[in-house]
Every structure is written in structure tokens, then in C-alpha cells.
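Structure file final20.csv; described as CSV, C-alpha atoms.
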chain,number,residue,atom,x,y,z
A,1,MET,CA,-14.9,-14.2,-55.5
A,2,LYS,CA,-12.5,-14.0,-52.6
A,3,LYS,CA,-11.4,-16.9,-50.4
A,4,VAL,CA,-11.5,-16.4,-46.7
A,5,PHE,CA,-10.0,-18.9,-44.3
A,6,ILE,CA,-11.3,-18.8,-40.7
A,7,PHE,CA,-9.3,-20.6,-38.1
A,8,CYS,CA,-11.2,-20.8,-34.8
A,9,ASN,CA,-11.5,-23.6,-32.2
A,10,TYR,CA,-14.7,-22.0,-30.7
A,11,GLU,CA,-17.6,-22.8,-33.0
A,12,PRO,CA,-20.0,-20.0,-32.1
A,13,LEU,CA,-17.3,-17.4,-32.7
A,14,ALA,CA,-16.4,-19.0,-36.0
A,15,PHE,CA,-20.0,-18.8,-37.2
A,16,LEU,CA,-20.2,-15.2,-36.1
A,17,ILE,CA,-17.1,-14.3,-38.0
A,18,GLU,CA,-18.4,-16.2,-41.0
A,19,ARG,CA,-21.7,-14.3,-40.9
A,20,ILE,CA,-19.9,-10.9,-40.6
A,21,VAL,CA,-17.6,-11.7,-43.5
A,22,THR,CA,-20.5,-12.9,-45.8
A,23,LEU,CA,-22.6,-9.8,-45.0
A,24,HIS,CA,-19.9,-7.5,-46.3
A,25,PHE,CA,-18.1,-9.5,-49.0
A,26,SER,CA,-18.9,-12.1,-51.6
A,27,ALA,CA,-16.5,-14.8,-50.4
A,28,GLU,CA,-16.0,-18.5,-50.2
A,29,ILE,CA,-15.6,-19.4,-46.6
A,30,ILE,CA,-13.2,-22.1,-45.4
A,31,LEU,CA,-13.5,-23.1,-41.7
A,32,SER,CA,-10.9,-25.0,-39.6
A,33,ASP,CA,-10.7,-25.8,-35.9
A,34,ARG,CA,-7.6,-27.9,-35.9
A,35,LYS,CA,-4.1,-26.5,-36.0
A,36,MET,CA,-2.5,-29.1,-38.3
A,37,GLU,CA,-5.5,-29.2,-40.6
A,38,ALA,CA,-5.4,-25.4,-40.8
A,39,PHE,CA,-1.8,-25.4,-42.2
A,40,ASP,CA,-2.8,-28.0,-44.9
A,41,MET,CA,-5.9,-26.1,-45.9
A,42,TYR,CA,-4.1,-22.8,-46.0
A,43,TYR,CA,-1.6,-24.2,-48.6
A,44,LEU,CA,-4.3,-26.1,-50.5
A,45,PHE,CA,-6.8,-23.2,-50.9
A,46,GLU,CA,-4.4,-20.2,-50.9
A,47,PRO,CA,-6.9,-17.8,-49.3
A,48,ASP,CA,-7.0,-14.1,-49.9
A,49,LEU,CA,-7.7,-13.4,-46.2
A,50,VAL,CA,-7.0,-15.3,-43.1
A,51,VAL,CA,-9.0,-14.7,-39.9
A,52,ILE,CA,-7.9,-16.2,-36.6
A,53,GLY,CA,-10.6,-16.2,-33.9
A,54,VAL,CA,-9.5,-16.5,-30.3
A,55,PRO,CA,-12.4,-17.0,-27.8
A,56,PRO,CA,-12.4,-14.9,-24.7
A,57,THR,CA,-11.2,-16.5,-21.5
A,58,PHE,CA,-12.5,-15.5,-18.1
What does the file become when written as C-alpha cells?
Amino acid sequence: MKKVFIFCNYEPLAFLIERIVTLHFSAEIILSDRKMEAFDMYYLFEPDLVVIGVPPTF
């Protein structure tokens, strides 16, 4: 099972990315929305894939 780390500070986008990833892959999802927490979690879990979600700005 792969580990996927999703860093996104916009919750609806994070859940959409999580849904897309889990539909196509068997993966353990790790979510983070804080920058400093993200660095700690990255080194702790050593994910296979990192997804950075940036919400649209209008």
C-alpha cells in the first residue's frame, strides 16, 4: 500500500484530492493543512507521493 501525503489549506479541495486518489489507488492518505506540521509529517511518514493543493483565488 502506498502512502500519499496531501498538503492543502482548503478543506473541500483536500477531500476532493483524497477522493480522487483513493478511487484510483490503494493508498494510505495523510492530510495536513499547516506548513510546519507538514514538514514534520513528511519526515515521519516518508510518503511515496506528495500532493500540494492550492485553492483558486478570484
Could you pull the residues within 9 Å of Met41 of chain A, counting only C-alpha atoms, minus those fewer than 4 positions along the same chain, as a ChimeraX atom specification?
/A:5,30,32,36-37,45-46
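Taking atom CA of Cys8 of chain A as the reference point, atom CA of Ile20 of chain A is found at 14.4 Å.
For the pair atom CA of Tyr43 of chain A and atom CA of His24 of chain A, the separation is 24.9 Å.
Between atom CA of Leu31 of chain A and atom CA of Ile17 of chain A the interatomic distance comes to 10.2 Å.
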So which residues touch Leu13 of chain A within 12 Å, counting only C-alpha atoms, skipping near sequence neighbours fewer than 2 positions away, as a PyMOL selection string?
chain A and resi 6-11+15-20+31+33+51-56
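With distances restricted to all atoms listed in the file, A:Lys3 is the closest residue to Glu28 of chain A from A:Leu49, A:Thr57, A:Lys3, A:Tyr42.
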